[in-house]
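A quick write-up on the structure given underneath.
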Amino acid sequence: MRNLMEACCQRCTHTPASPCSEYLLCRTEGPLCHESKECRQQRKAFIDEVTIPSDSPGRQIIVCGGTGCTSSGAANLVDLLNQEITAHNLGNSVQVKKTSCHGFCENGPILHIKPEGIFYTKVKPKDIQDIVLSHLVNQQVVKRLLYQDTAGNSYPYFQDIPFYAGQTRLLLRNCGQINPESLADYLAVGGYRSLVKVLQQMTPDEVIEEVQRSGLRGRGGAGFPTGRKWASARKAAGDVKYIICNADEGDPGAFMDRSLLEGDPHSVLEGMLIAGFAVGSTKGYIYCRAEYPLAIKRLKIAIHQAQQVGLLGSNIMGSGFQFDIALKEGAGAFVCGEGTALQASIEGLRGMPRVKPPRSTEKGLWEKPTVLNNVETLANIPVLIQTGTEAYRKLGTVKSPGTKIFALSGAVTNPGLVEIPMGQPLREIIFGIGGGIRDGKSFKAVQLGGPSGGCLTEQHLELPVDFDSLTTAGATIGSGGMVVMGEDTCMVDVARFFLAFTQAESCGKCTPCREGTKRMLEILERICQGKADLKDLGDLERLCRVVKNTSLCGLGQACPNPVLSTLQYFREEYLAHIVEKRCPAGVCSSLVRYSIAADRCRGCGLCLKNCPVGAIEGEKKQPHTITAERCIKCGVCLDKCKFGAVLRG
Amino acid sequence: MSEVTIIINEQPITVPAGTTILTAARDVGIEIPTLCHDPEVSRYGGCRLCVVEVAGWGSLPAACVTEVRPGMVIETESARVLEARRTILELLLANHPEDCLTCEKTGACALQDYAYRYGVRRGAFLGERQNHPVEADNPFIVRDMNKCILCGKCVRVCSEVVGRSAIDFSHRGFRARIATALDEGLQQSGCVFCGSCLEVCPVGALTGKQRRGKGRPWEMTSVTTTCPYCGVGCQLKLQVKNQRVIGVMAGGSGLNGRHLCVKGRFGHGFIHHPDRLKKPLLRKAGVLQEVSWSEALAYTAQRLSQIKQHSGGAAIGVLASARISNEENYLLNKFARRVLATNNLDHCARL
Ligand SMILES: Cc1cc2nc3c(=O)[nH]c(=O)nc-3n(C[C@H](O)[C@H](O)[C@H](O)COP(=O)(O)O)c2cc1C
Ligand code: SF4
Ligand code: SF4
Ligand code: SF4
Ligand code: SF4
Ligand code: SF4
Ligand code: SF4
Ligand code: FES
């Protein structure tokens, strides 16, 4: 027996062609068909190697192999660690393991030592010797590599760091903990148990009932009740039905789904299998954008592994249930995340939405009843089947049960991936987990839901984050993007950014979205350049209304939201640009003015010497002045002045 | 089939379930403007000009693709609808050349008509306009994508009716346009130049090359006739100005409807060609000379009788034409076997 998946001895009869119905449980709790201490011990040893229980004699060093840590230099840490470990003869008691993202990328590369749970951040190749010698050999924690908050407190343990302490990592439980390229790892931490439960103890209707009772709502943005979707696909006529996992994740800045796929791909496959069983489908598709090469690689590995042991294929674990999964790579069009466009794309057509109804649950992929679910929705399924509805509903709110993963980014101290129970106030996420605004600046707004969402302000910070509470304020949790903005953000510029995105991504099918977003963008650009007047503002509002009310699909219908919400809460900022030709946040470069405060200027002449275009005049020791017409707004004088006399605004 | 009762513009009406709002409204004479809708091809719902207000609905649904539901209360020209419709027309015009004065389509252009109906002018929105080279590198069709409103009718007719799929959407956002594969031009695209796309295009984006500059729609009389090229017998509408055939449109009736093949639609150059034979010719003393039809027929009858008498019917052969109808071919067959007494009969379609 070389790994957990293999037969323990010749008494095991399982093969994918003639599967043993107890295969999965047997691997983790078995052997079940025969009694053998030796076999049992062998299996337990493999499991301990993955889970590293607290009494484990061996140690595990986890090196984060997520995209963030890899790009900040984690790639060769594994080799260096192995070299050092061999050099110190620790090979037998220490294993090095590369996992996926820990969601704390800003502090990467991350190194995590089990079972003690010491968490090192910003580890450089030169730190490896220290870690091995001091931590592994001399049992001394390397204090300088521990995470430090802005107040200077150090945190040795991962679970105490405020960023993690505030989270409930239910779906992300395995991300950063197991090797995502190993089915054995997933099994060792309890994976595929829900599938076993479903196949052995439940009928398809019971599964659907359970999902309905759990109150799970789709995490792809719309919050549609998952159980209801499954029920209508099950009811729909036809014997060919499809399950599609939507892994297109096109919102700029969002990486929740990518992290799940890279960190725990089997949990998504398990969710799809259960959906297939419940709905009566034998074929699943994962539609993943090609810009996610690591997620695609891991999915391919996971699918292959599941096929190898008969978790995908015909007669899965002897239950008679048949299901297989194909991977379809998308070319990275935001609109292909929309269900009907996604299906067209799988069919080989151009990814353009079609009018609904008919709903996909009646006529979806190739006109067959289809369930389309988001990655995170599917990852919820094994959890809720395993824990049962009652336990599941303990997290979150009555109407939005469970947890939600957010990609927290922007001006917060701790950006990253955070999972929280639904219903937590915004303040808790931004100031508790996120650690507040970076560099001691003040909070201005938070943008939720990406290009389809809106901006909220200080006054909304107590609002609970769930599917319904934010909509009245003009935002939505969308798929989970959360961009925090500090005082130095220009809200017109933010709206312009999102409109530029939606305009470029509009599929071009319908007039209001294709042409309307173009004109909205042009107006916003003129506002940022100080070239707009009040008629433009009226036009902008009318376009928002028409595009929202008349567009064919969700992209067009929701794309005015970033404009509408900033207009609602930051109208005076728009007016400052339009009427006073001024950008209060000092962001819009055409509107920025540089000037010199006469009372602070000592006449040192440093700015004058450095101005590339000779826009500054003044006698030595006399206050200098800037000629606005000549200034090219490069900002050099501001950087050079030692007395803070150059003003920007 | 079950029936659904709805109210359109305060008028109750009962229609079969599955009827769209557009059809229900047209049934009672309420005209809802459409640019991308076409009953002959699949439902689309792209231009959004046909939006209407349904009581209780937040958004304005497109009438051409929204099926009636029991109790729906619909308004087709409410203030919200008008604002949306005018804005959509303004958006289309903002990205459209100012060319009605010289445009081939003027007078028969849906965009022009709706701009007039809703009093919409250009210039509501200033900004970038699409700027594509006009494609005329083939003998028949001029594609001016600057005038295209992306209704997608040409794409659907080419794939769903003609079965060629020579053209499709390309690019996204403001850059979206109709293109051939790899932009290689219609001649390389698998296009058979049937011109069905041209027939359905609501604006002047697709026009016939041969008739450019030759006449306005209102200057033409339309003469319905049968295509002379093959036995399918498609119905044509000749576009005639000053006794000259300027162009051909499909008859819109009969078995071909709005569709023709390249010959029927574009192959009318022979009509006014100087080399065309318009009178019968008879060789007299070794020289071909114009004669009257009665002289020509009499001479032909006389010679055929002579040959039959002298050498028997088997000395005569008859070749029928694919350009005449079945009935005419039948008569020719009878004539050959019964009158000429020959079985030497063949047809050009076999050659
Ligand atoms: C423009 C647009 C883009 C979308 N992109 C995504 C996406 O990337 N991932 C996703 O899961 N859902 C996306 N959706 C939502 C899907 O249409 C669909 O509602 C969702 O995948 C359903 O799954 P759920 O019920 O599990 O949330 C998008 C919707 C629109 C209108
Ligand atoms: S709203 Fe935009 S993305 Fe959606 S169909 Fe219309 S043009 Fe395409
Ligand atoms: S911003 Fe640049 S160009 Fe303007 S005054 Fe300062 S140094 Fe000169
Ligand atoms: S297509 Fe219609 S609106 Fe455009 S220039 Fe021609 S006639 Fe005028
Ligand atoms: S002429 Fe016919 S084949 Fe060619 S693009 Fe138009 S519809 Fe298609
Ligand atoms: S070319 Fe004509 S038919 Fe084709 S999409 Fe453009 S406007 Fe519509
Ligand atoms: S249009 Fe073409 S198919 Fe129709 S009758 Fe003429 S030659 Fe025949
Ligand atoms: S006619 Fe209905 S959307 Fe174009």
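Following the order of the structure tokens, first chain is A, next is B, and so on, with residues numbered from 1 inside each chain and ligands from 1 in the order they appear.
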Proximity of chain B to ligand 4: per-residue shortest pair, 9 Å limit, only C-alpha atoms and all ligand atoms, as JSON lines:
{"residue": "B:Leu93", "atom": "CA", "partner": "ligand 4", "partner_atom_place_in_ligand_line": "3 (S)", "distance": 7.6}
{"residue": "B:His96", "atom": "CA", "partner": "ligand 4", "partner_atom_place_in_ligand_line": "4 (Fe)", "distance": 6.5}
{"residue": "B:Pro97", "atom": "CA", "partner": "ligand 4", "partner_atom_place_in_ligand_line": "5 (S)", "distance": 6.0}
{"residue": "B:Glu98", "atom": "CA", "partner": "ligand 4", "partner_atom_place_in_ligand_line": "5 (S)", "distance": 5.8}
{"residue": "B:Asp99", "atom": "CA", "partner": "ligand 4", "partner_atom_place_in_ligand_line": "5 (S)", "distance": 4.1}
{"residue": "B:Cys100", "atom": "CA", "partner": "ligand 4", "partner_atom_place_in_ligand_line": "8 (Fe)", "distance": 3.5}
{"residue": "B:Leu101", "atom": "CA", "partner": "ligand 4", "partner_atom_place_in_ligand_line": "8 (Fe)", "distance": 7.2}
{"residue": "B:Thr102", "atom": "CA", "partner": "ligand 4", "partner_atom_place_in_ligand_line": "5 (S)", "distance": 7.5}
{"residue": "B:Cys103", "atom": "CA", "partner": "ligand 4", "partner_atom_place_in_ligand_line": "6 (Fe)", "distance": 4.5}
{"residue": "B:Glu104", "atom": "CA", "partner": "ligand 4", "partner_atom_place_in_ligand_line": "6 (Fe)", "distance": 6.5}
{"residue": "B:Lys105", "atom": "CA", "partner": "ligand 4", "partner_atom_place_in_ligand_line": "7 (S)", "distance": 4.7}
{"residue": "B:Thr106", "atom": "CA", "partner": "ligand 4", "partner_atom_place_in_ligand_line": "7 (S)", "distance": 3.7}
{"residue": "B:Gly107", "atom": "CA", "partner": "ligand 4", "partner_atom_place_in_ligand_line": "7 (S)", "distance": 6.7}
{"residue": "B:Ala108", "atom": "CA", "partner": "ligand 4", "partner_atom_place_in_ligand_line": "7 (S)", "distance": 7.3}
{"residue": "B:Cys109", "atom": "CA", "partner": "ligand 4", "partner_atom_place_in_ligand_line": "2 (Fe)", "distance": 4.6}
{"residue": "B:Ala110", "atom": "CA", "partner": "ligand 4", "partner_atom_place_in_ligand_line": "2 (Fe)", "distance": 6.7}
{"residue": "B:Leu111", "atom": "CA", "partner": "ligand 4", "partner_atom_place_in_ligand_line": "3 (S)", "distance": 5.1}
{"residue": "B:Gln112", "atom": "CA", "partner": "ligand 4", "partner_atom_place_in_ligand_line": "3 (S)", "distance": 4.5}
{"residue": "B:Asp113", "atom": "CA", "partner": "ligand 4", "partner_atom_place_in_ligand_line": "3 (S)", "distance": 8.2}
{"residue": "B:Ala115", "atom": "CA", "partner": "ligand 4", "partner_atom_place_in_ligand_line": "3 (S)", "distance": 8.2}
{"residue": "B:Asn146", "atom": "CA", "partner": "ligand 4", "partner_atom_place_in_ligand_line": "4 (Fe)", "distance": 8.8}
{"residue": "B:Lys147", "atom": "CA", "partner": "ligand 4", "partner_atom_place_in_ligand_line": "1 (S)", "distance": 5.4}
{"residue": "B:Cys148", "atom": "CA", "partner": "ligand 4", "partner_atom_place_in_ligand_line": "1 (S)", "distance": 7.6}
{"residue": "B:Ile149", "atom": "CA", "partner": "ligand 4", "partner_atom_place_in_ligand_line": "1 (S)", "distance": 8.8}
{"residue": "B:Pro202", "atom": "CA", "partner": "ligand 4", "partner_atom_place_in_ligand_line": "1 (S)", "distance": 7.9}
{"residue": "B:Val203", "atom": "CA", "partner": "ligand 4", "partner_atom_place_in_ligand_line": "1 (S)", "distance": 4.2}
{"residue": "B:Gly204", "atom": "CA", "partner": "ligand 4", "partner_atom_place_in_ligand_line": "1 (S)", "distance": 3.8}
{"residue": "B:Ala205", "atom": "CA", "partner": "ligand 4", "partner_atom_place_in_ligand_line": "1 (S)", "distance": 6.2}
Throw together the list of residues within 9 Å of ligand 7, counting only C-alpha atoms and all ligand atoms, and drop it here as a PyMOL selection string. chain B and resi 194+226-236+250+256+259-267+323
List as a PyMOL selection string the protein and nucleic acid residues lying within 8 Å of ligand 8, with only C-alpha atoms and all ligand atoms counted. (chain A and resi 510) or (chain B and resi 33-38+44-51+62-65+151)
Would you please give, as a VMD selection string, all residues of stretch 93-326 of chain B that DSSP assigns to strand (DSSP E or B) based on the backbone? chain B and resid 135 141 to 143 167 to 170 177 to 180 206 to 208 221 to 226 235 to 241 244 to 250 253 257 281 to 284 287 to 290 318 to 320
For chain B, which of A:Glu462, A:Phe334, A:Leu342, A:Asp493 is the closest residue, counting only C-alpha atoms?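 Of the candidates, the smallest distance to chain B is held by A:Phe334.
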What do you get as an MDAnalysis selection string if you pick all residues at most 12 Å from ligand 3, counting only C-alpha atoms and all ligand atoms? chainID A and resid 589:590 592:596 605:617 624:641 645:649
